[in-house]
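One file, start31.cif, is given below (mmCIF, C-alpha atoms).
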```cif
data_data
loop_
_atom_site.label_atom_id
_atom_site.label_comp_id
_atom_site.auth_asym_id
_atom_site.auth_seq_id
_atom_site.Cartn_x
_atom_site.Cartn_y
_atom_site.Cartn_z
CA MET A 91 -131.32 -39.35 23.71
CA ILE A 92 -130.45 -39.62 20.05
CA ASN A 93 -127.07 -38.28 19.12
CA PRO A 94 -127.41 -37.66 15.41
CA THR A 95 -124.54 -39.00 13.39
CA PRO A 96 -122.52 -35.84 12.93
CA PRO A 97 -122.96 -33.94 9.68
CA ALA A 98 -119.98 -34.19 7.32
CA ASP A 99 -117.27 -36.23 8.95
CA ALA A 100 -117.39 -34.55 12.35
CA LYS A 101 -116.97 -37.17 15.08
CA LEU A 102 -118.99 -37.57 18.27
CA THR A 103 -117.65 -35.43 21.04
CA SER A 104 -117.77 -38.23 23.59
CA ALA A 105 -114.29 -39.10 22.43
CA VAL A 106 -113.10 -35.51 22.49
CA LYS A 107 -109.76 -34.91 24.08
CA PRO A 108 -109.17 -31.46 25.51
CA ARG A 109 -107.63 -29.14 22.98
CA GLU A 110 -104.59 -27.00 23.87
CA ALA A 111 -104.56 -28.63 27.24
CA LYS A 112 -100.98 -27.62 27.98
CA VAL A 113 -100.50 -23.95 28.64
CA THR A 114 -98.33 -22.24 26.07
CA PRO A 115 -96.21 -19.67 27.87
CA ARG A 116 -96.69 -16.13 26.61
CA ARG A 117 -93.51 -14.60 25.25
CA ARG A 118 -94.22 -10.89 25.76
CA LYS A 119 -93.37 -9.13 28.98
CA SER A 120 -96.43 -8.08 30.90
CA PRO A 121 -97.13 -6.44 34.24
CA ILE A 122 -97.74 -8.76 37.18
CA GLY A 123 -101.52 -8.21 37.17
CA ALA A 124 -101.81 -9.11 33.49
CA ARG A 125 -99.61 -12.18 33.93
CA HIS A 126 -101.82 -13.31 36.82
CA GLU A 127 -104.87 -12.82 34.60
CA ASP A 128 -103.30 -14.79 31.73
CA LYS A 129 -102.45 -17.63 34.06
CA LEU A 130 -105.92 -17.63 35.59
CA THR A 131 -107.50 -17.78 32.13
CA ALA A 132 -105.22 -20.68 31.17
CA ILE A 133 -106.24 -22.53 34.33
CA LEU A 134 -109.92 -21.91 33.70
CA ARG A 135 -109.64 -23.00 30.06
CA THR A 136 -107.93 -26.26 30.98
CA ALA A 137 -110.49 -26.90 33.71
CA ALA A 138 -113.35 -26.16 31.28
CA GLN A 139 -111.91 -28.66 28.79
CA LEU A 140 -111.56 -31.35 31.44
CA PHE A 141 -115.04 -30.71 32.90
CA ALA A 142 -116.58 -30.97 29.41
CA ALA A 143 -114.62 -34.11 28.50
CA ASN A 144 -114.91 -36.05 31.78
CA GLY A 145 -117.76 -34.44 33.67
CA TYR A 146 -117.50 -32.17 36.70
CA GLU A 147 -117.59 -34.90 39.35
CA SER A 148 -114.89 -36.95 37.65
CA THR A 149 -112.47 -34.03 37.35
CA SER A 150 -110.25 -33.30 40.35
CA LEU A 151 -108.04 -30.33 41.13
CA ASP A 152 -105.11 -32.76 40.92
CA MET A 153 -106.06 -33.57 37.31
CA ILE A 154 -106.30 -29.88 36.43
CA ALA A 155 -102.91 -29.16 38.01
CA GLU A 156 -101.33 -32.14 36.29
CA GLN A 157 -102.75 -31.15 32.90
CA LEU A 158 -101.22 -27.70 33.37
CA GLY A 159 -97.89 -29.11 34.55
CA MET A 160 -98.35 -27.13 37.74
CA HIS A 161 -98.13 -27.99 41.43
CA LYS A 162 -101.50 -28.10 43.15
CA ALA A 163 -100.19 -25.60 45.71
CA THR A 164 -99.54 -23.12 42.88
CA LEU A 165 -103.07 -23.70 41.58
CA TYR A 166 -104.44 -22.52 44.94
CA HIS A 167 -102.62 -19.23 44.38
CA TYR A 168 -105.12 -18.52 41.59
CA VAL A 169 -108.33 -20.30 42.57
CA ASP A 170 -110.16 -21.21 45.78
CA ASN A 171 -111.76 -24.54 44.94
CA LYS A 172 -113.39 -26.57 42.17
CA GLN A 173 -116.80 -24.91 42.49
CA SER A 174 -115.27 -21.47 42.13
CA ILE A 175 -113.41 -22.66 39.01
CA LEU A 176 -116.65 -23.90 37.44
CA TYR A 177 -118.42 -20.68 38.33
CA GLN A 178 -115.72 -18.59 36.67
CA CYS A 179 -115.77 -20.86 33.60
CA LEU A 180 -119.52 -20.37 33.25
CA VAL A 181 -119.24 -16.61 33.58
CA LYS A 182 -116.51 -16.63 30.92
CA SER A 183 -118.83 -18.57 28.61
CA PHE A 184 -120.97 -15.46 28.22
CA GLY A 185 -118.23 -14.12 25.93
CA ASN A 186 -119.49 -11.19 23.86
CA LEU A 187 -123.13 -12.20 24.09
CA ASP A 188 -124.05 -9.18 26.16
CA ASP A 189 -122.96 -6.95 23.28
CA VAL A 190 -124.81 -9.21 20.83
CA MET A 191 -128.01 -8.93 22.86
CA LYS A 192 -127.61 -5.16 22.84
CA ARG A 193 -127.31 -5.23 19.03
CA MET A 194 -130.59 -7.12 18.80
CA GLU A 195 -132.37 -3.90 19.79
CA ASP A 196 -131.23 -2.11 16.61
CA ARG A 197 -134.44 -1.97 14.59
CA SER A 198 -132.64 -0.61 11.52
CA ILE A 199 -131.55 -4.23 10.86
CA PRO A 200 -134.33 -6.58 9.59
CA VAL A 201 -135.49 -8.87 12.38
CA LEU A 202 -134.60 -12.16 10.66
CA HIS A 203 -131.14 -10.79 9.91
CA ARG A 204 -130.71 -9.91 13.58
CA LEU A 205 -131.92 -13.37 14.57
CA ARG A 206 -129.27 -14.88 12.25
CA ILE A 207 -126.54 -12.79 13.90
CA PHE A 208 -127.78 -13.98 17.29
CA VAL A 209 -127.79 -17.65 16.24
CA GLN A 210 -124.29 -17.36 14.75
CA SER A 211 -122.96 -15.64 17.87
CA LEU A 212 -124.61 -18.06 20.28
CA ALA A 213 -123.41 -21.09 18.31
CA ALA A 214 -119.85 -19.73 18.34
CA ALA A 215 -119.99 -18.99 22.07
CA GLN A 216 -121.49 -22.37 22.96
CA ASN A 217 -118.83 -24.30 21.11
CA ASN A 218 -115.66 -22.76 22.47
CA ASP A 219 -114.04 -24.25 25.60
CA PHE A 220 -116.08 -22.22 28.09
CA GLY A 221 -119.35 -22.52 26.17
CA ARG A 222 -119.00 -26.29 25.91
CA CYS A 223 -118.47 -26.37 29.67
CA LEU A 224 -121.71 -24.43 30.20
CA VAL A 225 -123.73 -26.65 27.87
CA LEU A 226 -122.27 -30.01 28.93
CA VAL A 227 -121.81 -29.38 32.67
CA GLY A 228 -124.15 -26.50 33.42
CA SER A 229 -124.66 -24.76 36.70
CA ARG A 230 -126.19 -27.76 38.49
CA PRO A 231 -123.01 -28.50 40.50
CA LEU A 232 -123.26 -24.91 41.75
CA ASP A 233 -126.61 -25.46 43.41
CA MET A 234 -125.09 -24.67 46.80
CA ALA A 235 -123.41 -21.51 45.53
CA PRO A 236 -124.94 -18.37 44.07
CA ASP A 237 -125.59 -19.18 40.41
CA SER A 238 -128.25 -16.52 39.89
CA LYS A 239 -125.91 -14.59 37.58
CA ILE A 240 -125.85 -17.55 35.20
CA ARG A 241 -129.57 -18.20 35.35
CA GLU A 242 -130.28 -14.52 34.82
CA PHE A 243 -127.99 -14.47 31.79
CA GLN A 244 -129.72 -17.50 30.28
CA ARG A 245 -133.10 -15.93 30.91
CA ARG A 246 -132.00 -12.83 29.00
CA LEU A 247 -130.92 -14.95 26.02
CA ASP A 248 -134.36 -16.55 26.00
CA VAL A 249 -136.15 -13.21 26.30
CA THR A 250 -134.02 -11.77 23.50
CA VAL A 251 -135.23 -14.43 21.05
CA ARG A 252 -138.84 -14.13 22.23
CA ASN A 253 -138.71 -10.39 21.66
CA LEU A 254 -137.24 -10.79 18.18
CA VAL A 255 -139.93 -13.29 17.20
CA THR A 256 -142.68 -11.12 18.65
CA GLU A 257 -141.31 -8.12 16.75
CA GLY A 258 -141.13 -10.18 13.54
CA ILE A 259 -144.75 -11.29 13.90
CA ALA A 260 -145.80 -7.69 14.48
CA ASP A 261 -143.95 -6.35 11.41
CA GLY A 262 -145.15 -9.23 9.21
CA THR A 263 -141.81 -10.88 8.49
CA ILE A 264 -142.57 -13.87 10.75
CA ARG A 265 -145.72 -15.99 10.48
CA PRO A 266 -148.09 -15.89 13.44
CA CYS A 267 -146.61 -18.44 15.85
CA HIS A 268 -145.96 -19.06 19.55
CA PRO A 269 -142.63 -17.34 20.40
CA PRO A 270 -141.84 -19.64 23.39
CA MET A 271 -142.15 -22.64 21.08
CA VAL A 272 -139.67 -21.05 18.65
CA CYS A 273 -137.30 -20.60 21.61
CA ALA A 274 -137.75 -24.21 22.67
CA TRP A 275 -137.03 -25.41 19.13
CA LEU A 276 -134.05 -23.13 18.53
CA PHE A 277 -132.30 -23.43 21.92
CA GLY A 278 -132.87 -27.20 22.01
CA ALA A 279 -131.19 -27.67 18.64
CA LEU A 280 -128.33 -25.29 19.51
CA ASN A 281 -127.79 -26.73 23.01
CA TRP A 282 -127.30 -30.15 21.46
CA VAL A 283 -124.56 -29.08 19.05
CA PRO A 284 -121.65 -29.38 21.52
CA ARG A 285 -122.66 -33.03 22.00
CA TRP A 286 -121.92 -33.99 18.39
CA TYR A 287 -119.89 -31.20 16.84
CA LYS A 288 -116.17 -31.64 16.46
CA VAL A 289 -114.00 -28.73 15.48
CA THR A 290 -111.84 -30.91 13.22
CA GLY A 291 -114.79 -31.95 11.04
CA ASN A 292 -115.58 -30.59 7.59
CA CYS A 293 -118.17 -28.06 8.68
CA SER A 294 -117.51 -24.97 10.73
CA ILE A 295 -119.74 -23.75 13.52
CA GLN A 296 -120.66 -20.92 11.18
CA ASP A 297 -121.89 -23.54 8.65
CA VAL A 298 -123.97 -25.23 11.35
CA ALA A 299 -125.48 -21.92 12.49
CA ASP A 300 -126.29 -20.85 8.93
CA SER A 301 -127.82 -24.20 8.09
CA PHE A 302 -129.96 -24.15 11.25
CA MET A 303 -131.03 -20.58 10.54
CA ASP A 304 -131.98 -21.47 6.95
CA MET A 305 -134.16 -24.31 8.23
CA LEU A 306 -135.70 -22.13 10.92
CA THR A 307 -136.45 -19.38 8.42
CA ASN A 308 -137.67 -21.30 5.39
CA GLY A 309 -138.33 -24.85 6.55
CA ILE A 310 -137.35 -27.91 4.56
CA ALA A 311 -140.49 -28.32 2.45
CA THR A 312 -140.44 -27.24 -1.17
CA PRO A 313 -142.90 -24.32 -1.31
CA HIS A 314 -146.08 -24.84 -3.27
CA ARG A 315 -146.06 -22.95 -6.54
CA MET B 69 -127.09 -24.38 28.17
CA ILE B 70 -130.18 -22.28 27.74
CA ASN B 71 -133.33 -23.78 29.08
CA PRO B 72 -136.03 -21.92 27.23
CA THR B 73 -138.79 -20.67 29.45
CA PRO B 74 -141.40 -23.34 28.88
CA PRO B 75 -144.12 -22.64 26.35
CA ALA B 76 -147.53 -22.01 27.88
CA ASP B 77 -147.32 -22.44 31.63
CA ALA B 78 -145.32 -25.65 31.64
CA LYS B 79 -142.79 -25.55 34.45
CA LEU B 80 -139.10 -26.49 34.27
CA THR B 81 -138.57 -30.18 34.85
CA SER B 82 -135.75 -29.60 37.32
CA ALA B 83 -138.40 -29.44 39.98
CA VAL B 84 -140.26 -32.45 38.65
CA LYS B 85 -141.31 -34.95 41.23
CA PRO B 86 -141.75 -38.52 40.06
CA ARG B 87 -145.30 -39.21 38.95
CA GLU B 88 -147.14 -42.26 40.21
CA ALA B 89 -144.18 -43.13 42.35
CA LYS B 90 -146.17 -45.48 44.58
CA VAL B 91 -147.19 -48.71 42.94
CA THR B 92 -150.92 -49.14 42.67
CA PRO B 93 -151.69 -52.81 43.27
CA ARG B 94 -153.51 -54.48 40.39
CA ARG B 95 -156.93 -55.84 41.38
CA ARG B 96 -157.36 -58.55 38.73
CA LYS B 97 -156.13 -62.06 39.33
CA SER B 98 -153.25 -62.97 37.09
CA PRO B 99 -150.90 -65.90 36.65
CA ILE B 100 -147.65 -65.78 38.57
CA GLY B 101 -145.56 -64.96 35.48
CA ALA B 102 -147.77 -61.99 34.60
CA ARG B 103 -147.72 -60.72 38.21
CA HIS B 104 -143.93 -60.93 38.20
CA GLU B 105 -143.87 -58.94 34.95
CA ASP B 106 -146.26 -56.30 36.34
CA LYS B 107 -144.12 -55.93 39.46
CA LEU B 108 -140.92 -55.71 37.42
CA THR B 109 -142.44 -52.99 35.23
CA ALA B 110 -143.56 -51.07 38.31
CA ILE B 111 -140.03 -51.29 39.72
CA LEU B 112 -138.48 -50.14 36.47
CA ARG B 113 -140.94 -47.25 36.14
CA THR B 114 -140.21 -46.00 39.65
CA ALA B 115 -136.47 -46.34 39.06
CA ALA B 116 -136.76 -44.46 35.74
CA GLN B 117 -138.62 -41.63 37.48
CA LEU B 118 -136.00 -41.39 40.22
CA PHE B 119 -133.06 -41.58 37.78
CA ALA B 120 -134.59 -38.80 35.68
CA ALA B 121 -135.39 -36.61 38.68
CA ASN B 122 -132.19 -37.06 40.74
CA GLY B 123 -129.62 -38.44 38.32
CA TYR B 124 -128.34 -42.01 38.13
CA GLU B 125 -125.47 -41.60 40.59
CA SER B 126 -127.64 -39.97 43.23
CA THR B 127 -130.29 -42.70 43.12
CA SER B 128 -129.68 -45.77 45.28
CA LEU B 129 -131.42 -49.13 45.36
CA ASP B 130 -132.52 -48.19 48.88
CA MET B 131 -134.30 -45.12 47.49
CA ILE B 132 -136.02 -47.20 44.81
CA ALA B 133 -137.16 -49.79 47.36
CA GLU B 134 -138.37 -47.09 49.74
CA GLN B 135 -140.30 -45.31 47.00
CA LEU B 136 -142.04 -48.61 46.19
CA GLY B 137 -142.70 -49.38 49.85
CA MET B 138 -140.77 -52.61 49.37
CA HIS B 139 -137.94 -54.30 51.25
CA LYS B 140 -134.61 -54.11 49.43
CA ALA B 141 -134.37 -57.91 49.73
CA THR B 142 -137.64 -58.22 47.78
CA LEU B 143 -136.28 -55.85 45.13
CA TYR B 144 -133.40 -58.28 44.55
CA HIS B 145 -135.99 -60.92 43.70
CA TYR B 146 -136.74 -58.93 40.53
CA VAL B 147 -133.51 -57.18 39.58
CA ASP B 148 -129.78 -57.86 39.87
CA ASN B 149 -128.32 -54.41 40.42
CA LYS B 150 -128.67 -50.73 39.55
CA GLN B 151 -126.94 -50.99 36.18
CA SER B 152 -129.25 -53.78 35.10
CA ILE B 153 -132.26 -51.65 36.13
CA LEU B 154 -131.04 -48.74 34.03
CA TYR B 155 -130.37 -51.03 31.08
CA GLN B 156 -133.91 -52.45 31.23
CA CYS B 157 -135.37 -48.93 31.56
CA LEU B 158 -133.51 -47.84 28.44
CA VAL B 159 -134.69 -50.86 26.46
CA LYS B 160 -138.27 -50.15 27.60
CA SER B 161 -137.89 -46.58 26.32
CA PHE B 162 -137.92 -47.90 22.75
CA GLY B 163 -141.67 -48.40 23.19
CA ASN B 164 -143.39 -48.88 19.84
CA LEU B 165 -140.69 -47.07 17.87
CA ASP B 166 -139.62 -50.22 16.05
CA ASP B 167 -143.09 -50.45 14.54
CA VAL B 168 -143.03 -46.74 13.76
CA MET B 169 -139.72 -47.10 11.94
CA LYS B 170 -141.20 -49.96 9.94
CA ARG B 171 -144.14 -47.72 8.95
CA MET B 172 -141.70 -45.13 7.65
CA GLU B 173 -140.97 -47.46 4.73
CA ASP B 174 -144.55 -47.23 3.44
CA ARG B 175 -144.14 -45.05 0.36
CA SER B 176 -147.89 -44.80 -0.16
CA ILE B 177 -147.85 -42.12 2.59
CA PRO B 178 -146.32 -38.75 1.55
CA VAL B 179 -142.85 -38.38 3.02
CA LEU B 180 -143.56 -35.25 5.08
CA HIS B 181 -146.64 -36.92 6.53
CA ARG B 182 -144.52 -39.91 7.53
CA LEU B 183 -141.93 -37.59 9.06
CA ARG B 184 -144.71 -35.98 11.12
CA ILE B 185 -145.85 -39.39 12.39
CA PHE B 186 -142.24 -40.15 13.30
CA VAL B 187 -141.80 -36.85 15.19
CA GLN B 188 -145.09 -37.32 17.05
CA SER B 189 -144.19 -40.89 18.01
CA LEU B 190 -140.64 -40.04 19.08
CA ALA B 191 -141.80 -37.03 21.13
CA ALA B 192 -144.38 -39.22 22.89
CA ALA B 193 -141.81 -41.96 23.57
CA GLN B 194 -139.16 -39.55 24.81
CA ASN B 195 -141.48 -37.90 27.30
CA ASN B 196 -142.90 -40.89 29.13
CA ASP B 197 -141.10 -42.22 32.21
CA PHE B 198 -138.72 -44.50 30.34
CA GLY B 199 -138.05 -42.07 27.50
CA ARG B 200 -137.21 -39.28 29.95
CA CYS B 201 -134.76 -41.65 31.62
CA LEU B 202 -133.08 -42.33 28.27
CA VAL B 203 -132.83 -38.65 27.36
CA LEU B 204 -131.82 -37.31 30.79
CA VAL B 205 -129.59 -40.16 31.99
CA GLY B 206 -128.60 -41.96 28.81
CA SER B 207 -126.45 -45.05 28.48
CA ARG B 208 -123.25 -43.43 29.75
CA PRO B 209 -123.47 -45.14 33.18
CA LEU B 210 -123.57 -48.43 31.25
CA ASP B 211 -120.14 -47.90 29.72
CA MET B 212 -118.86 -51.02 31.48
CA ALA B 213 -121.84 -53.11 30.37
CA PRO B 214 -123.00 -54.01 26.88
CA ASP B 215 -124.98 -51.00 25.68
CA SER B 216 -124.66 -51.76 21.98
CA LYS B 217 -128.40 -52.53 21.73
CA ILE B 218 -129.20 -48.97 22.80
CA ARG B 219 -126.64 -47.37 20.53
CA GLU B 220 -127.80 -49.48 17.60
CA PHE B 221 -131.40 -48.44 18.25
CA GLN B 222 -130.46 -44.76 18.33
CA ARG B 223 -128.48 -45.17 15.12
CA ARG B 224 -131.54 -46.64 13.43
CA LEU B 225 -133.68 -43.66 14.49
CA ASP B 226 -131.09 -41.36 12.96
CA VAL B 227 -130.89 -43.39 9.74
CA THR B 228 -134.70 -43.44 9.50
CA VAL B 229 -134.86 -39.65 9.42
CA ARG B 230 -131.94 -39.38 7.00
CA ASN B 231 -133.66 -41.80 4.65
CA LEU B 232 -136.95 -39.90 4.81
CA VAL B 233 -135.22 -36.60 4.04
CA THR B 234 -133.21 -38.16 1.22
CA GLU B 235 -136.40 -39.63 -0.21
CA GLY B 236 -138.18 -36.26 0.08
CA ILE B 237 -135.37 -34.48 -1.75
CA ALA B 238 -135.50 -37.11 -4.49
CA ASP B 239 -139.27 -36.83 -4.97
CA GLY B 240 -139.19 -33.03 -4.82
CA THR B 241 -141.20 -32.49 -1.65
CA ILE B 242 -138.12 -31.43 0.37
CA ARG B 243 -135.72 -28.71 -0.74
CA PRO B 244 -132.18 -29.78 -1.55
CA CYS B 245 -130.47 -29.85 1.86
CA HIS B 246 -127.98 -31.85 3.92
CA PRO B 247 -129.94 -34.70 5.61
CA PRO B 248 -127.49 -35.10 8.53
CA MET B 249 -127.99 -31.41 9.35
CA VAL B 250 -131.76 -31.92 9.40
CA CYS B 251 -131.21 -34.82 11.82
CA ALA B 252 -128.96 -32.68 14.03
CA TRP B 253 -131.57 -29.90 14.10
CA LEU B 254 -134.54 -32.19 14.69
CA PHE B 255 -133.05 -34.58 17.26
CA GLY B 256 -131.38 -31.72 19.16
CA ALA B 257 -134.69 -29.91 19.54
CA LEU B 258 -136.57 -33.09 20.48
CA ASN B 259 -133.88 -34.32 22.90
CA TRP B 260 -134.18 -31.06 24.79
CA VAL B 261 -137.93 -31.29 25.35
CA PRO B 262 -137.79 -33.51 28.47
CA ARG B 263 -135.62 -30.82 30.08
CA TRP B 264 -138.38 -28.20 30.00
CA TYR B 265 -141.65 -29.98 29.28
CA LYS B 266 -144.01 -30.65 32.13
CA VAL B 267 -147.01 -32.86 31.62
CA THR B 268 -149.19 -30.62 33.77
CA GLY B 269 -148.68 -27.60 31.52
CA ASN B 270 -151.18 -26.25 29.01
CA CYS B 271 -149.68 -27.89 25.95
CA SER B 272 -149.59 -31.61 25.23
CA ILE B 273 -146.61 -33.44 23.81
CA GLN B 274 -148.69 -33.76 20.66
CA ASP B 275 -148.92 -29.94 20.51
CA VAL B 276 -145.15 -29.65 20.90
CA ALA B 277 -144.50 -32.25 18.20
CA ASP B 278 -146.95 -30.62 15.78
CA SER B 279 -145.54 -27.17 16.42
CA PHE B 280 -141.96 -28.41 15.88
CA MET B 281 -143.01 -30.22 12.72
CA ASP B 282 -144.76 -27.11 11.38
CA MET B 283 -141.58 -25.09 11.92
CA LEU B 284 -139.42 -27.80 10.37
CA THR B 285 -141.70 -28.04 7.36
CA ASN B 286 -142.53 -24.42 6.61
CA GLY B 287 -140.12 -22.31 8.65
CA ILE B 288 -141.15 -19.23 10.56
CA ALA B 289 -140.64 -16.61 7.85
CA THR B 290 -143.65 -15.25 6.03
CA PRO B 291 -143.25 -16.47 2.44
CA HIS B 292 -142.59 -13.83 -0.20
CA ARG B 293 -145.57 -13.31 -2.45
#
```
Take the structure in the file and give it back as structure tokens.
Amino acid sequence: MINPTPPADAKLTSAVKPREAKVTPRRRKSPIGARHEDKLTAILRTAAQLFAANGYESTSLDMIAEQLGMHKATLYHYVDNKQSILYQCLVKSFGNLDDVMKRMEDRSIPVLHRLRIFVQSLAAAQNNDFGRCLVLVGSRPLDMAPDSKIREFQRRLDVTVRNLVTEGIADGTIRPCHPPMVCAWLFGALNWVPRWYKVTGNCSIQDVADSFMDMLTNGIATPHR
Amino acid sequence: MINPTPPADAKLTSAVKPREAKVTPRRRKSPIGARHEDKLTAILRTAAQLFAANGYESTSLDMIAEQLGMHKATLYHYVDNKQSILYQCLVKSFGNLDDVMKRMEDRSIPVLHRLRIFVQSLAAAQNNDFGRCLVLVGSRPLDMAPDSKIREFQRRLDVTVRNLVTEGIADGTIRPCHPPMVCAWLFGALNWVPRWYKVTGNCSIQDVADSFMDMLTNGIATPHR
């Protein structure tokens, strides 16, 4: 594995400490259901940060409770066990990508423009707390539990890009090429970003996504004149 | 993490079984030192296959010995412990890449042609038994042991590509771009290949490398005329 030296002055994520690890109490009054939901999200976010930073196996419920400044008994009021926490983190990592995939069907937008929106959205989703957890931990620890929802979601992301590339080849905006190979190239590069990208660096995730999309679209070679 | 559906009919590597797991005895007579070296390589190869297939933590010395049809006591005649096996596997993964990096300094070969040779060589190295072990397991389990040799090697691969891109920008064959971003894009895509590529599929690693290099060079968009 080669971890590229991060672009700009972004540092390797191996040294990443969880961000916003302590829960900031919400000030506004909210009904009990909403407060429960807020607390659950805070728990999941802290767990996702710890899973991504230390690995799933090396993160215990005690560590999650301690990071939240919460008794472990209170934690059990919100979650069943560590596997269920990971599962919920992975589901949360989908973010708004279902809506984004829906937008990809809008043929009034040029196909390469749609592909850029997809790349930007996926890069953003993969590099927030829940997305990093999905990329760095994955659903492997869930092998004993139903993880078909996650696999099915990932399959749809893959199919979405294949369909866009196939459409682009058909309408002449994309060169004849092998759509699965484009997927392999694009998802590989994007999946690797959470391993080197650091949010405090000089380049935003939007910069990374745009730069990747420029390379994917036009390549790096100076065109022959 | 999105594992792209493999191009052609290659299957996902999660189901990969170690290839050539049993050691085939060599027929020729050889001096004792050479026989020891052959046996050590066979042990390392089997260990690399098991590490890549099951993960480092889940692979025991017992499993390695059993896979080789060897007593564990005999195994200790060749290796000290599991960490030392992994370390030697990772060093073996360098293959001929030192020579390849040396070739990259030959300015009589056009820079994009050299970059293609580099991509082909790295893809080949990363997808043999030892390379897969490096990409899928990495040097993280060696955190307590000296792994600076591996990190230094990876840094040199990164610097090699940066230098090629910088040279290509200077001589006008590569568009003005940010070399570290090209490294992030290229290494990310290549590092992901061992996660989906299966040697029994329809496309060779050479096909994958050439396809990636074509996309990196020319992009997927049809050029404006």
Can you list every residue of stretch 221-315 of chain A that has an atom at most 9 Å from stretch 142-147 of chain A, with its nearest atom pair and the distance in Å to one decimal, using only C-alpha atoms, ordered by chain then number, as a tab-separated table?
```
residue	atom	partner	partner_atom	distance
A:Arg222	CA	A:Ala142	CA	6.3
A:Cys223	CA	A:Ala142	CA	5.0
A:Leu224	CA	A:Ala142	CA	8.3
A:Val225	CA	A:Ala142	CA	8.5
A:Leu226	CA	A:Ala142	CA	5.8
A:Val227	CA	A:Ala142	CA	6.4
A:Pro231	CA	A:Tyr146	CA	7.6
```
Next, the residues of the selection above should be written as a PDB file, in the coordinates of the input with C-alpha atoms.
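Okay, result.pdb is ready:
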```
ATOM      1  CA  ARG A 222    -119.000 -26.290  25.910  1.00  0.00           C
ATOM      2  CA  CYS A 223    -118.470 -26.370  29.670  1.00  0.00           C
ATOM      3  CA  LEU A 224    -121.710 -24.430  30.200  1.00  0.00           C
ATOM      4  CA  VAL A 225    -123.730 -26.650  27.870  1.00  0.00           C
ATOM      5  CA  LEU A 226    -122.270 -30.010  28.930  1.00  0.00           C
ATOM      6  CA  VAL A 227    -121.810 -29.380  32.670  1.00  0.00           C
ATOM      7  CA  PRO A 231    -123.010 -28.500  40.500  1.00  0.00           C
TER       8      PRO A 231
END
```
Select, from A:Asp189, A:Asn308, A:Asn171, A:Ala138, the residue with the minimum atom-to-atom distance to A:Leu247, counting all atoms listed in the file.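 The answer is A:Asp189, which sits nearest to A:Leu247.
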Residue with smallest distance to chain A - pool B:Lys150, B:His139, B:Lys170, B:His181, counting all atoms listed in the file: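 So, comparing all the options, the nearest one is B:His181.
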Pull out every residue of chain B sitting within 8 Å of chain A, counting all atoms listed in the file, and send them as number ranges by chain. B: 69-76, 194, 202-204, 206, 222-223, 225-226, 240-243, 245-246, 248-249, 251-261, 276, 279-280, 283-291
Can I get the selected residues back with C-alpha atoms, as a short mmCIF file (atom, residue, chain, number, x, y, z; two decimals), keeping the file's coordinate frame?
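To be explicit, this is the file written out as again.cif:
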```cif
data_model
loop_
_atom_site.label_atom_id
_atom_site.label_comp_id
_atom_site.auth_asym_id
_atom_site.auth_seq_id
_atom_site.Cartn_x
_atom_site.Cartn_y
_atom_site.Cartn_z
CA MET B 69 -127.09 -24.38 28.17
CA ILE B 70 -130.18 -22.28 27.74
CA ASN B 71 -133.33 -23.78 29.08
CA PRO B 72 -136.03 -21.92 27.23
CA THR B 73 -138.79 -20.67 29.45
CA PRO B 74 -141.40 -23.34 28.88
CA PRO B 75 -144.12 -22.64 26.35
CA ALA B 76 -147.53 -22.01 27.88
CA GLN B 194 -139.16 -39.55 24.81
CA LEU B 202 -133.08 -42.33 28.27
CA VAL B 203 -132.83 -38.65 27.36
CA LEU B 204 -131.82 -37.31 30.79
CA GLY B 206 -128.60 -41.96 28.81
CA GLN B 222 -130.46 -44.76 18.33
CA ARG B 223 -128.48 -45.17 15.12
CA LEU B 225 -133.68 -43.66 14.49
CA ASP B 226 -131.09 -41.36 12.96
CA GLY B 240 -139.19 -33.03 -4.82
CA THR B 241 -141.20 -32.49 -1.65
CA ILE B 242 -138.12 -31.43 0.37
CA ARG B 243 -135.72 -28.71 -0.74
CA CYS B 245 -130.47 -29.85 1.86
CA HIS B 246 -127.98 -31.85 3.92
CA PRO B 248 -127.49 -35.10 8.53
CA MET B 249 -127.99 -31.41 9.35
CA CYS B 251 -131.21 -34.82 11.82
CA ALA B 252 -128.96 -32.68 14.03
CA TRP B 253 -131.57 -29.90 14.10
CA LEU B 254 -134.54 -32.19 14.69
CA PHE B 255 -133.05 -34.58 17.26
CA GLY B 256 -131.38 -31.72 19.16
CA ALA B 257 -134.69 -29.91 19.54
CA LEU B 258 -136.57 -33.09 20.48
CA ASN B 259 -133.88 -34.32 22.90
CA TRP B 260 -134.18 -31.06 24.79
CA VAL B 261 -137.93 -31.29 25.35
CA VAL B 276 -145.15 -29.65 20.90
CA SER B 279 -145.54 -27.17 16.42
CA PHE B 280 -141.96 -28.41 15.88
CA MET B 283 -141.58 -25.09 11.92
CA LEU B 284 -139.42 -27.80 10.37
CA THR B 285 -141.70 -28.04 7.36
CA ASN B 286 -142.53 -24.42 6.61
CA GLY B 287 -140.12 -22.31 8.65
CA ILE B 288 -141.15 -19.23 10.56
CA ALA B 289 -140.64 -16.61 7.85
CA THR B 290 -143.65 -15.25 6.03
CA PRO B 291 -143.25 -16.47 2.44
#
```
Go through A:Leu187, A:Val289, A:Ala299, A:Ala124 one by one, measure the shortest atom-to-atom distance of each to A:Ala213 using all atoms listed in the file, and give the residue with the smallest value. A:Ala299
Computed interatomic separation between atom CA of A:Leu176 and atom CA of A:Leu212 (Å):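 Atom CA of A:Leu212 lies 19.8 Å from atom CA of A:Leu176.
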